[in-house]
>>> print(open('target38.cif').read())   # mmCIF, C-alpha atoms and all ligand atoms
data_final
#
loop_
_atom_site.group_PDB
_atom_site.id
_atom_site.type_symbol
_atom_site.label_atom_id
_atom_site.label_comp_id
_atom_site.auth_asym_id
_atom_site.auth_seq_id
_atom_site.Cartn_x
_atom_site.Cartn_y
_atom_site.Cartn_z
ATOM 1 C CA MET E 1 1.169 17.681 -7.471
ATOM 2 C CA ARG E 2 -1.721 15.363 -8.200
ATOM 3 C CA SER E 3 -3.209 15.247 -11.623
ATOM 4 C CA GLN E 4 -6.617 14.516 -10.164
ATOM 5 C CA ARG E 5 -8.272 12.920 -7.183
ATOM 6 C CA GLY E 6 -10.349 9.796 -7.221
ATOM 7 C CA GLY E 7 -14.147 9.727 -7.172
ATOM 8 C CA ALA E 8 -16.498 11.288 -4.703
ATOM 9 C CA GLY E 9 -16.447 8.493 -2.111
ATOM 10 C CA THR E 10 -13.869 8.080 0.596
ATOM 11 C CA VAL E 11 -11.932 5.060 1.652
ATOM 12 C CA GLY E 12 -14.203 3.325 4.078
ATOM 13 C CA ALA E 13 -17.354 4.699 2.463
ATOM 14 C CA GLU E 14 -20.255 2.392 1.730
ATOM 15 C CA ARG E 15 -20.224 1.189 -1.840
ATOM 16 C CA ALA E 16 -23.367 0.320 -3.729
ATOM 17 C CA GLY E 17 -23.554 -2.237 -6.508
ATOM 18 C CA PRO E 18 -22.176 -5.688 -7.119
ATOM 19 C CA VAL E 19 -18.485 -4.831 -7.576
ATOM 20 C CA ALA E 20 -16.531 -5.898 -4.515
ATOM 21 C CA ASP E 21 -14.219 -3.426 -2.843
ATOM 22 C CA ALA E 22 -10.571 -3.973 -3.693
ATOM 23 C CA LEU E 23 -9.829 -4.671 -0.027
ATOM 24 C CA THR E 24 -11.883 -5.144 3.116
ATOM 25 C CA LEU E 25 -10.765 -5.827 6.652
ATOM 26 C CA GLU E 26 -13.352 -6.865 9.226
ATOM 27 C CA GLY E 27 -12.203 -6.993 12.824
ATOM 28 C CA VAL E 28 -8.653 -7.833 11.787
ATOM 29 C CA SER E 29 -6.248 -8.113 14.712
ATOM 30 C CA ARG E 30 -2.777 -9.544 15.157
ATOM 31 C CA GLU E 31 -1.023 -10.721 18.284
ATOM 32 C CA TYR E 32 2.587 -11.769 17.874
ATOM 33 C CA ARG E 33 2.648 -12.770 21.525
ATOM 34 C CA ARG E 34 -0.422 -13.943 23.358
ATOM 35 C CA GLY E 35 -2.202 -11.019 24.958
ATOM 36 C CA VAL E 36 -0.022 -8.389 23.238
ATOM 37 C CA ALA E 37 -1.853 -6.902 20.247
ATOM 38 C CA ALA E 38 0.277 -5.310 17.527
ATOM 39 C CA LEU E 39 -3.006 -4.627 15.718
ATOM 40 C CA HIS E 40 -6.327 -4.136 17.503
ATOM 41 C CA PRO E 41 -9.456 -5.051 15.546
ATOM 42 C CA VAL E 42 -9.441 -2.931 12.379
ATOM 43 C CA ASP E 43 -12.359 -2.425 9.989
ATOM 44 C CA LEU E 44 -11.499 -0.951 6.639
ATOM 45 C CA ALA E 45 -12.907 -0.907 3.124
ATOM 46 C CA VAL E 46 -10.851 0.356 0.207
ATOM 47 C CA PRO E 47 -12.956 0.836 -2.949
ATOM 48 C CA ARG E 48 -11.405 0.178 -6.318
ATOM 49 C CA GLY E 49 -9.586 3.091 -7.871
ATOM 50 C CA ARG E 50 -8.438 4.630 -4.586
ATOM 51 C CA PHE E 51 -5.036 5.569 -3.208
ATOM 52 C CA LEU E 52 -4.709 5.156 0.569
ATOM 53 C CA ALA E 53 -1.667 6.129 2.620
ATOM 54 C CA VAL E 54 -1.132 4.336 5.938
ATOM 55 C CA MET E 55 0.804 6.397 8.454
ATOM 56 C CA GLY E 56 1.724 6.329 12.113
ATOM 57 C CA PRO E 57 4.662 6.492 14.488
ATOM 58 C CA SER E 58 7.284 3.757 14.485
ATOM 59 C CA GLY E 59 5.881 0.536 15.925
ATOM 60 C CA SER E 60 2.252 1.630 15.435
ATOM 61 C CA GLY E 61 1.397 -1.438 13.338
ATOM 62 C CA LYS E 62 1.642 -0.186 9.755
ATOM 63 C CA SER E 63 3.676 -3.136 8.479
ATOM 64 C CA THR E 64 1.551 -5.553 10.463
ATOM 65 C CA LEU E 65 -1.592 -4.135 8.853
ATOM 66 C CA LEU E 66 -0.066 -4.341 5.392
ATOM 67 C CA GLN E 67 1.247 -7.894 5.892
ATOM 68 C CA CYS E 68 -2.159 -9.121 7.071
ATOM 69 C CA ALA E 69 -4.009 -7.275 4.297
ATOM 70 C CA ALA E 70 -1.675 -8.675 1.639
ATOM 71 C CA GLY E 71 -1.894 -12.289 2.779
ATOM 72 C CA LEU E 72 1.764 -12.349 3.825
ATOM 73 C CA ASP E 73 0.752 -12.951 7.429
ATOM 74 C CA ARG E 74 -2.342 -14.551 8.954
ATOM 75 C CA PRO E 75 -4.294 -12.326 11.372
ATOM 76 C CA THR E 76 -5.054 -13.651 14.829
ATOM 77 C CA ALA E 77 -8.735 -12.800 14.250
ATOM 78 C CA GLY E 78 -10.951 -11.192 11.651
ATOM 79 C CA THR E 79 -11.464 -11.426 7.911
ATOM 80 C CA VAL E 80 -9.421 -9.999 5.044
ATOM 81 C CA ARG E 81 -10.980 -9.950 1.576
ATOM 82 C CA VAL E 82 -9.116 -9.058 -1.604
ATOM 83 C CA GLY E 83 -11.476 -8.391 -4.495
ATOM 84 C CA GLY E 84 -14.187 -10.172 -2.502
ATOM 85 C CA THR E 85 -12.133 -13.325 -1.801
ATOM 86 C CA ALA E 86 -11.664 -14.169 1.888
ATOM 87 C CA LEU E 87 -7.987 -14.992 2.354
ATOM 88 C CA ALA E 88 -8.570 -17.260 5.358
ATOM 89 C CA SER E 89 -10.617 -19.591 3.162
ATOM 90 C CA LEU E 90 -7.636 -20.290 0.905
ATOM 91 C CA LYS E 91 -5.115 -23.109 1.212
ATOM 92 C CA GLU E 92 -1.472 -22.026 1.051
ATOM 93 C CA SER E 93 -1.114 -22.801 -2.665
ATOM 94 C CA ALA E 94 -4.244 -20.825 -3.574
ATOM 95 C CA LEU E 95 -3.107 -17.952 -1.374
ATOM 96 C CA THR E 96 0.268 -17.951 -3.141
ATOM 97 C CA ARG E 97 -1.514 -17.807 -6.496
ATOM 98 C CA LEU E 98 -3.797 -14.985 -5.339
ATOM 99 C CA ARG E 99 -0.788 -12.997 -4.115
ATOM 100 C CA ARG E 100 0.949 -13.520 -7.458
ATOM 101 C CA GLU E 101 -2.010 -12.771 -9.721
ATOM 102 C CA ARG E 102 -4.258 -10.403 -7.814
ATOM 103 C CA ILE E 103 -1.903 -8.427 -5.604
ATOM 104 C CA GLY E 104 1.006 -6.235 -6.660
ATOM 105 C CA PHE E 105 3.877 -5.475 -4.291
ATOM 106 C CA VAL E 106 6.318 -2.590 -4.266
ATOM 107 C CA PHE E 107 8.846 -2.594 -1.427
ATOM 108 C CA GLN E 108 11.442 -0.048 -0.351
ATOM 109 C CA ALA E 109 14.106 -2.472 -1.516
ATOM 110 C CA HIS E 110 12.751 -3.163 -4.979
ATOM 111 C CA ASN E 111 13.448 -6.930 -4.706
ATOM 112 C CA LEU E 112 14.283 -7.390 -8.370
ATOM 113 C CA VAL E 113 16.067 -10.601 -9.343
ATOM 114 C CA PRO E 114 19.602 -9.508 -10.266
ATOM 115 C CA SER E 115 20.279 -12.393 -12.668
ATOM 116 C CA LEU E 116 17.174 -11.686 -14.770
ATOM 117 C CA SER E 117 16.827 -8.910 -17.302
ATOM 118 C CA VAL E 118 14.562 -5.971 -16.546
ATOM 119 C CA ALA E 119 11.928 -7.337 -18.959
ATOM 120 C CA GLU E 120 12.107 -10.802 -17.367
ATOM 121 C CA ASN E 121 11.681 -9.262 -13.920
ATOM 122 C CA VAL E 122 8.518 -7.480 -15.038
ATOM 123 C CA ALA E 123 7.197 -10.657 -16.675
ATOM 124 C CA LEU E 124 7.982 -12.837 -13.648
ATOM 125 C CA PRO E 125 4.475 -12.872 -12.075
ATOM 126 C CA LEU E 126 3.061 -13.915 -15.467
ATOM 127 C CA LEU E 127 5.714 -16.569 -16.117
ATOM 128 C CA LEU E 128 5.382 -18.064 -12.634
ATOM 129 C CA GLY E 129 1.657 -18.380 -13.270
ATOM 130 C CA GLY E 130 2.319 -20.231 -16.519
ATOM 131 C CA ALA E 131 0.977 -17.456 -18.747
ATOM 132 C CA PRO E 132 2.324 -17.534 -22.299
ATOM 133 C CA PRO E 133 4.699 -14.724 -23.233
ATOM 134 C CA ASP E 134 2.685 -11.837 -24.640
ATOM 135 C CA GLY E 135 3.020 -8.081 -24.856
ATOM 136 C CA ARG E 136 1.914 -7.309 -21.309
ATOM 137 C CA ALA E 137 5.375 -7.023 -19.747
ATOM 138 C CA ALA E 138 6.652 -4.822 -22.572
ATOM 139 C CA ARG E 139 3.615 -2.575 -22.264
ATOM 140 C CA ALA E 140 3.995 -2.325 -18.482
ATOM 141 C CA LEU E 141 7.668 -1.420 -18.891
ATOM 142 C CA ALA E 142 6.867 1.187 -21.517
ATOM 143 C CA ALA E 143 4.190 2.651 -19.230
ATOM 144 C CA VAL E 144 6.835 3.469 -16.610
ATOM 145 C CA GLY E 145 9.081 5.045 -19.239
ATOM 146 C CA LEU E 146 11.622 2.214 -19.463
ATOM 147 C CA GLY E 147 10.584 0.525 -22.677
ATOM 148 C CA ALA E 148 14.127 0.780 -24.036
ATOM 149 C CA ARG E 149 15.811 -0.824 -20.989
ATOM 150 C CA GLY E 150 14.242 -4.278 -21.092
ATOM 151 C CA GLU E 151 17.464 -6.089 -21.948
ATOM 152 C CA ASP E 152 19.451 -4.472 -19.127
ATOM 153 C CA ARG E 153 20.084 -6.061 -15.737
ATOM 154 C CA PRO E 154 18.685 -4.302 -12.642
ATOM 155 C CA ALA E 155 22.236 -3.388 -11.542
ATOM 156 C CA GLU E 156 22.568 -1.214 -14.653
ATOM 157 C CA LEU E 157 19.653 0.997 -13.575
ATOM 158 C CA SER E 158 19.459 3.845 -11.050
ATOM 159 C CA GLY E 159 17.524 3.421 -7.804
ATOM 160 C CA GLY E 160 14.555 5.344 -9.183
ATOM 161 C CA GLN E 161 14.557 3.317 -12.394
ATOM 162 C CA ARG E 162 14.628 0.060 -10.417
ATOM 163 C CA GLN E 163 11.632 1.237 -8.433
ATOM 164 C CA ARG E 164 9.856 2.002 -11.721
ATOM 165 C CA VAL E 165 10.571 -1.563 -12.815
ATOM 166 C CA ALA E 166 9.137 -2.791 -9.509
ATOM 167 C CA ILE E 167 5.981 -0.768 -10.207
ATOM 168 C CA ALA E 168 5.720 -2.241 -13.721
ATOM 169 C CA ARG E 169 6.064 -5.728 -12.212
ATOM 170 C CA ALA E 170 3.415 -4.923 -9.587
ATOM 171 C CA LEU E 171 0.946 -3.770 -12.250
ATOM 172 C CA VAL E 172 1.642 -6.347 -14.956
ATOM 173 C CA THR E 173 -1.082 -8.758 -13.832
ATOM 174 C CA GLU E 174 -3.688 -5.967 -13.517
ATOM 175 C CA PRO E 175 -4.058 -6.842 -9.815
ATOM 176 C CA ASP E 176 -7.014 -6.026 -7.575
ATOM 177 C CA ILE E 177 -4.711 -4.010 -5.347
ATOM 178 C CA VAL E 178 -1.116 -2.837 -5.070
ATOM 179 C CA PHE E 179 0.579 -2.703 -1.661
ATOM 180 C CA ALA E 180 3.533 -0.356 -1.476
ATOM 181 C CA ASP E 181 5.708 -0.413 1.657
ATOM 182 C CA GLU E 182 7.815 2.760 1.872
ATOM 183 C CA PRO E 183 8.274 2.742 -1.920
ATOM 184 C CA THR E 184 10.207 6.013 -1.853
ATOM 185 C CA GLY E 185 12.072 5.464 1.417
ATOM 186 C CA ALA E 186 15.422 4.966 -0.313
ATOM 187 C CA LEU E 187 15.043 7.674 -2.983
ATOM 188 C CA ASP E 188 15.992 11.329 -3.125
ATOM 189 C CA PRO E 189 13.015 13.723 -3.107
ATOM 190 C CA ALA E 190 12.974 14.450 -6.836
ATOM 191 C CA THR E 191 13.191 10.769 -7.792
ATOM 192 C CA ALA E 192 10.570 9.955 -5.163
ATOM 193 C CA GLN E 193 8.146 12.421 -6.756
ATOM 194 C CA GLY E 194 8.498 10.617 -10.084
ATOM 195 C CA VAL E 195 7.706 7.255 -8.477
ATOM 196 C CA LEU E 196 4.708 8.683 -6.595
ATOM 197 C CA ALA E 197 3.440 10.301 -9.775
ATOM 198 C CA LEU E 198 3.509 6.877 -11.427
ATOM 199 C CA LEU E 199 1.438 5.356 -8.627
ATOM 200 C CA ARG E 200 -0.986 8.286 -8.806
ATOM 201 C CA ARG E 201 -1.321 7.832 -12.554
ATOM 202 C CA ALA E 202 -1.941 4.105 -12.147
ATOM 203 C CA VAL E 203 -4.909 5.044 -9.963
ATOM 204 C CA ASP E 204 -6.248 7.974 -11.980
ATOM 205 C CA ARG E 205 -5.702 6.703 -15.489
ATOM 206 C CA ASP E 206 -5.929 2.947 -15.157
ATOM 207 C CA GLY E 207 -8.232 2.581 -12.145
ATOM 208 C CA HIS E 208 -5.726 0.689 -9.995
ATOM 209 C CA THR E 209 -6.009 0.633 -6.208
ATOM 210 C CA VAL E 210 -2.969 1.429 -4.068
ATOM 211 C CA VAL E 211 -2.353 1.072 -0.334
ATOM 212 C CA MET E 212 0.956 2.662 0.611
ATOM 213 C CA VAL E 213 2.732 2.614 3.968
ATOM 214 C CA THR E 214 4.892 5.688 4.386
ATOM 215 C CA HIS E 215 6.550 7.882 7.006
ATOM 216 C CA ASP E 216 6.742 10.793 4.607
ATOM 217 C CA PRO E 217 3.992 13.491 4.709
ATOM 218 C CA VAL E 218 4.951 14.599 1.190
ATOM 219 C CA ALA E 219 4.417 11.046 -0.092
ATOM 220 C CA ALA E 220 1.098 10.762 1.783
ATOM 221 C CA ALA E 221 -0.086 13.942 0.063
ATOM 222 C CA TRP E 222 -0.267 11.998 -3.208
ATOM 223 C CA ALA E 223 -2.978 9.753 -1.756
ATOM 224 C CA ASP E 224 -6.740 10.282 -1.652
ATOM 225 C CA GLU E 225 -6.757 9.603 2.059
ATOM 226 C CA ALA E 226 -4.307 9.074 4.899
ATOM 227 C CA LEU E 227 -5.112 6.576 7.649
ATOM 228 C CA PHE E 228 -3.312 7.069 10.976
ATOM 229 C CA LEU E 229 -2.377 4.259 13.342
ATOM 230 C CA VAL E 230 -1.213 4.568 16.934
ATOM 231 C CA ARG E 231 -0.348 1.497 19.003
ATOM 232 C CA GLY E 232 -2.174 -0.766 16.607
ATOM 233 C CA ARG E 233 -5.379 1.261 16.492
ATOM 234 C CA VAL E 234 -6.795 3.443 13.737
ATOM 235 C CA VAL E 235 -7.056 6.853 15.415
ATOM 236 C CA GLY E 236 -8.210 8.903 12.438
ATOM 237 C CA ARG E 237 -8.239 9.623 8.740
ATOM 238 C CA LEU E 238 -7.483 12.653 6.665
ATOM 239 C CA ASP E 239 -9.282 13.154 3.367
ATOM 240 C CA ARG E 240 -7.339 14.794 0.561
ATOM 241 C CA PRO E 241 -4.289 15.030 2.795
ATOM 242 C CA GLY E 242 -1.985 17.984 2.361
ATOM 243 C CA ALA E 243 1.640 17.485 3.411
ATOM 244 C CA ASP E 244 1.423 20.210 6.077
ATOM 245 C CA ASP E 245 -1.757 18.755 7.588
ATOM 246 C CA VAL E 246 -0.206 15.288 7.636
ATOM 247 C CA ARG E 247 2.948 16.654 9.239
ATOM 248 C CA ARG E 248 0.893 18.375 11.944
ATOM 249 C CA VAL E 249 -1.057 15.200 12.687
ATOM 250 C CA MET E 250 2.120 13.132 12.840
ATOM 251 C CA GLU E 251 3.774 15.617 15.186
ATOM 252 C CA ARG E 252 0.734 15.554 17.415
ATOM 253 C CA LEU E 253 0.543 11.767 17.407
ATOM 254 C CA GLY E 254 4.256 11.558 18.128
ATOM 255 C CA ARG E 255 3.733 13.739 21.211
ATOM 256 C CA ASP E 256 0.594 11.960 22.343
ATOM 257 C CA THR E 257 0.543 8.291 21.513
ATOM 258 C CA GLY E 258 -1.743 7.359 24.393
ATOM 259 C CA GLU E 259 -5.305 6.118 24.267
ATOM 260 C CA ASN E 260 -6.560 9.698 23.855
ATOM 261 C CA ALA E 261 -4.587 10.373 20.670
ATOM 262 C CA ALA E 262 -7.708 10.387 18.533
ATOM 263 C CA GLU E 263 -9.556 12.801 20.770
ATOM 264 C CA SER E 264 -6.657 15.204 21.079
ATOM 265 C CA THR E 265 -6.070 15.243 17.332
ATOM 266 C CA ALA E 266 -9.744 15.656 16.612
ATOM 267 C CA GLY E 267 -9.651 18.994 18.367
ATOM 268 C CA GLY E 268 -8.844 20.738 15.110
ATOM 269 C CA GLU E 269 -5.193 19.674 14.999
ATOM 270 C CA GLY E 270 -5.868 17.451 12.004
ATOM 271 C CA GLY E 271 -7.285 20.339 10.009
ATOM 272 C CA GLU E 272 -9.986 20.167 7.371
ATOM 273 C CA GLY E 273 -10.865 16.631 6.309
ATOM 274 C CA TRP E 274 -9.859 15.000 9.606
ATOM 275 C CA ARG E 275 -12.134 12.200 10.820
ATOM 276 C CA ALA E 276 -11.515 10.427 14.086
HETATM 277 N N1 LIG M 301 7.439 -10.728 14.113
HETATM 278 C C1 LIG M 301 7.156 -10.034 15.220
HETATM 279 N N2 LIG M 301 7.197 -10.623 16.427
HETATM 280 C C2 LIG M 301 6.868 -9.935 17.542
HETATM 281 N N3 LIG M 301 6.516 -8.641 17.564
HETATM 282 C C3 LIG M 301 6.470 -7.993 16.379
HETATM 283 C C4 LIG M 301 6.795 -8.654 15.164
HETATM 284 N N4 LIG M 301 6.652 -7.757 14.151
HETATM 285 C C5 LIG M 301 6.267 -6.591 14.733
HETATM 286 N N5 LIG M 301 6.161 -6.739 16.074
HETATM 287 C C6 LIG M 301 5.722 -5.703 17.011
HETATM 288 O O1 LIG M 301 4.450 -5.238 16.593
HETATM 289 C C7 LIG M 301 4.341 -3.833 16.746
HETATM 290 C C8 LIG M 301 3.999 -3.194 15.394
HETATM 291 O O2 LIG M 301 5.113 -3.380 14.524
HETATM 292 P P1 LIG M 301 5.079 -2.920 13.005
HETATM 293 O O3 LIG M 301 6.359 -3.373 12.380
HETATM 294 O O4 LIG M 301 3.813 -3.352 12.395
HETATM 295 O O5 LIG M 301 5.063 -1.333 13.164
HETATM 296 P P2 LIG M 301 5.349 -0.203 12.063
HETATM 297 O O6 LIG M 301 4.350 0.873 12.315
HETATM 298 O O7 LIG M 301 5.395 -0.792 10.711
HETATM 299 O O8 LIG M 301 6.796 0.278 12.513
HETATM 300 P P3 LIG M 301 7.958 1.004 11.661
HETATM 301 O O9 LIG M 301 7.400 2.315 11.203
HETATM 302 O O10 LIG M 301 9.051 1.194 12.689
HETATM 303 O O11 LIG M 301 8.354 0.090 10.548
HETATM 304 C C9 LIG M 301 5.670 -3.352 17.342
HETATM 305 O O12 LIG M 301 5.514 -3.250 18.727
HETATM 306 C C10 LIG M 301 6.616 -4.475 16.989
HETATM 307 O O13 LIG M 301 7.654 -4.568 17.952
#
>>> encode(input="target38.cif", output="structure tokens", more="lines below")
Ligand SMILES: Nc1ncnc2c1ncn2[C@@H]1O[C@H](COP(=O)(O)OP(=O)(O)OP(=O)(O)O)[C@@H](O)[C@H]1O
Amino acid sequence: MRSQRGGAGTVGAERAGPVADALTLEGVSREYRRGVAALHPVDLAVPRGRFLAVMGPSGSGKSTLLQCAAGLDRPTAGTVRVGGTALASLKESALTRLRRERIGFVFQAHNLVPSLSVAENVALPLLLGGAPPDGRAARALAAVGLGARGEDRPAELSGGQRQRVAIARALVTEPDIVFADEPTGALDPATAQGVLALLRRAVDRDGHTVVMVTHDPVAAAWADEALFLVRGRVVGRLDRPGADDVRRVMERLGRDTGENAAESTAGGEGGEGWRA
């Protein structure tokens, strides 16, 4: 399934040397209503060149975590750093620029602009930043196997092809990190595998960093590590997640979403590689 895993470290491992992690969260919490935490303080470090899957039951805070980490929402407390830059220190215009140039996004609904050609959609983050037209968009499109479809409109592509275009657009700026929110949620299993293989290759071959929210244990199995949330808390992690192990953990968490979810899952239910 995977061509190869990332390096020896794990997501959250200490990293030596001057290169900043792709993403760090320090005590990041989010309350939508005062006193009601959708996300309890989360600490997380994602080294460059890693693929992290974020999982958890519905309402566990996955989207909230992703929105805060990607600078789409401001946490109630704590610090988010992307490539070493603290997002809270940025004014809105600088945050917009950072999101455009240093973060890639892939959503379940690919969010392509229907009136633009496929090539223009891929080039959009560059054009919005005022970069001169160069070969980057064409190369990114070719890298997802759609080099011949640049003149088409998104409506002329299949769902899987549109998601490939979205991945090309997410990677075109060589961002510090790519956030993918249920990128295969609307695809059939075979098409989904192709999209996940592209994300895996972006990590293995090109050193990109991917954080992917998913409900799907098969999708999570493409990641280096799965992080599990329950009621806004990180209750455990699974290194080198296999789909069956992930499925077992999810079933267990679905049955037991109380405060003791971590302890109960740590009792061997998570299998090899489980860390509470
Ligand atoms: N804008 C909002 N205002 C108030 N409460 C919110 C808002 N967004 C999310 N919540 C609440 O925060 C909690 C976490 O929601 P979140 O969408 O992050 O969960 P999730 O794990 O992504 O869920 P799902 O898998 O169903 O998409 C839920 O209780 C949800 O009702």
>>> residues_near_ligand(input="target38.cif", ligand="ligand LIG 301 (chain M)", cutoff="9 Å", atoms="only C-alpha atoms and all ligand atoms", output="PDB file with C-alpha atoms, in the coordinates of the input")
ATOM      1  CA  ARG E  30      -2.777  -9.544  15.157  1.00  0.00           C
ATOM      2  CA  GLU E  31      -1.023 -10.721  18.284  1.00  0.00           C
ATOM      3  CA  TYR E  32       2.587 -11.769  17.874  1.00  0.00           C
ATOM      4  CA  ARG E  33       2.648 -12.770  21.525  1.00  0.00           C
ATOM      5  CA  VAL E  36      -0.022  -8.389  23.238  1.00  0.00           C
ATOM      6  CA  ALA E  37      -1.853  -6.902  20.247  1.00  0.00           C
ATOM      7  CA  ALA E  38       0.277  -5.310  17.527  1.00  0.00           C
ATOM      8  CA  LEU E  39      -3.006  -4.627  15.718  1.00  0.00           C
ATOM      9  CA  MET E  55       0.804   6.397   8.454  1.00  0.00           C
ATOM     10  CA  GLY E  56       1.724   6.329  12.113  1.00  0.00           C
ATOM     11  CA  PRO E  57       4.662   6.492  14.488  1.00  0.00           C
ATOM     12  CA  SER E  58       7.284   3.757  14.485  1.00  0.00           C
ATOM     13  CA  GLY E  59       5.881   0.536  15.925  1.00  0.00           C
ATOM     14  CA  SER E  60       2.252   1.630  15.435  1.00  0.00           C
ATOM     15  CA  GLY E  61       1.397  -1.438  13.338  1.00  0.00           C
ATOM     16  CA  LYS E  62       1.642  -0.186   9.755  1.00  0.00           C
ATOM     17  CA  SER E  63       3.676  -3.136   8.479  1.00  0.00           C
ATOM     18  CA  THR E  64       1.551  -5.553  10.463  1.00  0.00           C
ATOM     19  CA  LEU E  65      -1.592  -4.135   8.853  1.00  0.00           C
ATOM     20  CA  LEU E  66      -0.066  -4.341   5.392  1.00  0.00           C
ATOM     21  CA  GLN E  67       1.247  -7.894   5.892  1.00  0.00           C
ATOM     22  CA  VAL E 213       2.732   2.614   3.968  1.00  0.00           C
ATOM     23  CA  THR E 214       4.892   5.688   4.386  1.00  0.00           C
ATOM     24  CA  HIS E 215       6.550   7.882   7.006  1.00  0.00           C
ATOM     25  CA  LEU E 229      -2.377   4.259  13.342  1.00  0.00           C
ATOM     26  CA  VAL E 230      -1.213   4.568  16.934  1.00  0.00           C
ATOM     27  CA  ARG E 231      -0.348   1.497  19.003  1.00  0.00           C
ATOM     28  CA  GLY E 232      -2.174  -0.766  16.607  1.00  0.00           C
TER      29      GLY E 232
END
>>> resolve_selection(input="target38.cif", expression="the PyMOL selection byres (((chain E and resi 147) around 12) and not hetatm)", output="list of chain:residue names")
E:Val118, E:Ala119, E:Val122, E:Gly135, E:Arg136, E:Ala137, E:Ala138, E:Arg139, E:Ala140, E:Leu141, E:Ala142, E:Ala143, E:Val144, E:Gly145, E:Leu146, E:Ala148, E:Arg149, E:Gly150, E:Glu151, E:Asp152, E:Gln161, E:Arg164, E:Val165, E:Ala168
>>> atom_distance(input="target38.cif", atom1="atom CA of E:Leu128", atom2="atom CA of E:Glu101")
9.5 Å
>>> resolve_selection(input="target38.cif", expression="the PyMOL selection byres (((chain E and resi 26) around 7) and not hetatm)", output="PyMOL selection string")
chain E and resi 24-25+27-28+42-44+78-80
>>> resolve_selection(input="target38.cif", expression="the PyMOL selection byres (((chain E and resi 237-241) around 7) and not hetatm)", output="VMD selection string")
chain E and resid 220 to 221 224 to 228 236 242 to 243 245 to 246 273 to 276
>>> closest_residue(input="target38.cif", among="E:Leu199, E:Val172, E:Val234, E:Ala123", to="E:Val211", atoms="only C-alpha atoms")
E:Leu199
>>> atom_distance(input="target38.cif", atom1="atom CA of E:Asp176", atom2="atom CA of E:Ala53")
16.7 Å
>>> atom_distance(input="target38.cif", atom1="atom CA of E:Arg50", atom2="atom CA of E:Phe179")
12.0 Å
>>> closest_residue(input="target38.cif", among="E:Arg100, E:Gly49, E:Val218, E:Val19", to="E:Leu72", atoms="all atoms listed in the file")
E:Arg100
>>> residues_near_point(input="target38.cif", point="(-6.1, 7.4, -9.3)", cutoff="7 Å", atoms="only C-alpha atoms", output="list in words")
Arg5, Gly6, Gly49, Arg50, Phe51, Arg200, Arg201, Ala202, Val203, Asp204, Arg205, Gly207 and His208 of chain E
>>> closest_residue(input="target38.cif", among="E:Ala190, E:Leu157, E:Ala20, E:Leu198", to="E:Ala170", atoms="all atoms listed in the file")
E:Leu198
>>> residues_around(input="target38.cif", residues="E:Pro125", least_positions_apart="4", cutoff="12 Å", atoms="all atoms listed in the file", output="number ranges by chain")
E: 96-105, 112, 119-121, 129-133, 136-137, 166, 168-175
>>> write_last_selection(input="target38.cif", atoms="C-alpha atoms", output="PDB file, keeping the file's coordinate frame")
ATOM      1  CA  THR E  96       0.268 -17.951  -3.141  1.00  0.00           C
ATOM      2  CA  ARG E  97      -1.514 -17.807  -6.496  1.00  0.00           C
ATOM      3  CA  LEU E  98      -3.797 -14.985  -5.339  1.00  0.00           C
ATOM      4  CA  ARG E  99      -0.788 -12.997  -4.115  1.00  0.00           C
ATOM      5  CA  ARG E 100       0.949 -13.520  -7.458  1.00  0.00           C
ATOM      6  CA  GLU E 101      -2.010 -12.771  -9.721  1.00  0.00           C
ATOM      7  CA  ARG E 102      -4.258 -10.403  -7.814  1.00  0.00           C
ATOM      8  CA  ILE E 103      -1.903  -8.427  -5.604  1.00  0.00           C
ATOM      9  CA  GLY E 104       1.006  -6.235  -6.660  1.00  0.00           C
ATOM     10  CA  PHE E 105       3.877  -5.475  -4.291  1.00  0.00           C
ATOM     11  CA  LEU E 112      14.283  -7.390  -8.370  1.00  0.00           C
ATOM     12  CA  ALA E 119      11.928  -7.337 -18.959  1.00  0.00           C
ATOM     13  CA  GLU E 120      12.107 -10.802 -17.367  1.00  0.00           C
ATOM     14  CA  ASN E 121      11.681  -9.262 -13.920  1.00  0.00           C
ATOM     15  CA  GLY E 129       1.657 -18.380 -13.270  1.00  0.00           C
ATOM     16  CA  GLY E 130       2.319 -20.231 -16.519  1.00  0.00           C
ATOM     17  CA  ALA E 131       0.977 -17.456 -18.747  1.00  0.00           C
ATOM     18  CA  PRO E 132       2.324 -17.534 -22.299  1.00  0.00           C
ATOM     19  CA  PRO E 133       4.699 -14.724 -23.233  1.00  0.00           C
ATOM     20  CA  ARG E 136       1.914  -7.309 -21.309  1.00  0.00           C
ATOM     21  CA  ALA E 137       5.375  -7.023 -19.747  1.00  0.00           C
ATOM     22  CA  ALA E 166       9.137  -2.791  -9.509  1.00  0.00           C
ATOM     23  CA  ALA E 168       5.720  -2.241 -13.721  1.00  0.00           C
ATOM     24  CA  ARG E 169       6.064  -5.728 -12.212  1.00  0.00           C
ATOM     25  CA  ALA E 170       3.415  -4.923  -9.587  1.00  0.00           C
ATOM     26  CA  LEU E 171       0.946  -3.770 -12.250  1.00  0.00           C
ATOM     27  CA  VAL E 172       1.642  -6.347 -14.956  1.00  0.00           C
ATOM     28  CA  THR E 173      -1.082  -8.758 -13.832  1.00  0.00           C
ATOM     29  CA  GLU E 174      -3.688  -5.967 -13.517  1.00  0.00           C
ATOM     30  CA  PRO E 175      -4.058  -6.842  -9.815  1.00  0.00           C
TER      31      PRO E 175
END
>>> closest_residue(input="target38.cif", among="E:Leu116, E:Ala109, E:Leu52, E:Leu23", to="E:Glu156", atoms="all atoms listed in the file")
E:Leu116
>>> axis_aligned_box(input="target38.cif", around="stretch 76-84 of chain E", padding_each_side="8 Å", output="AutoDock Vina command-line options")
--center_x -9.6 --center_y -11.0 --center_z 5.2 --size_x 25.1 --size_y 21.3 --size_z 35.3
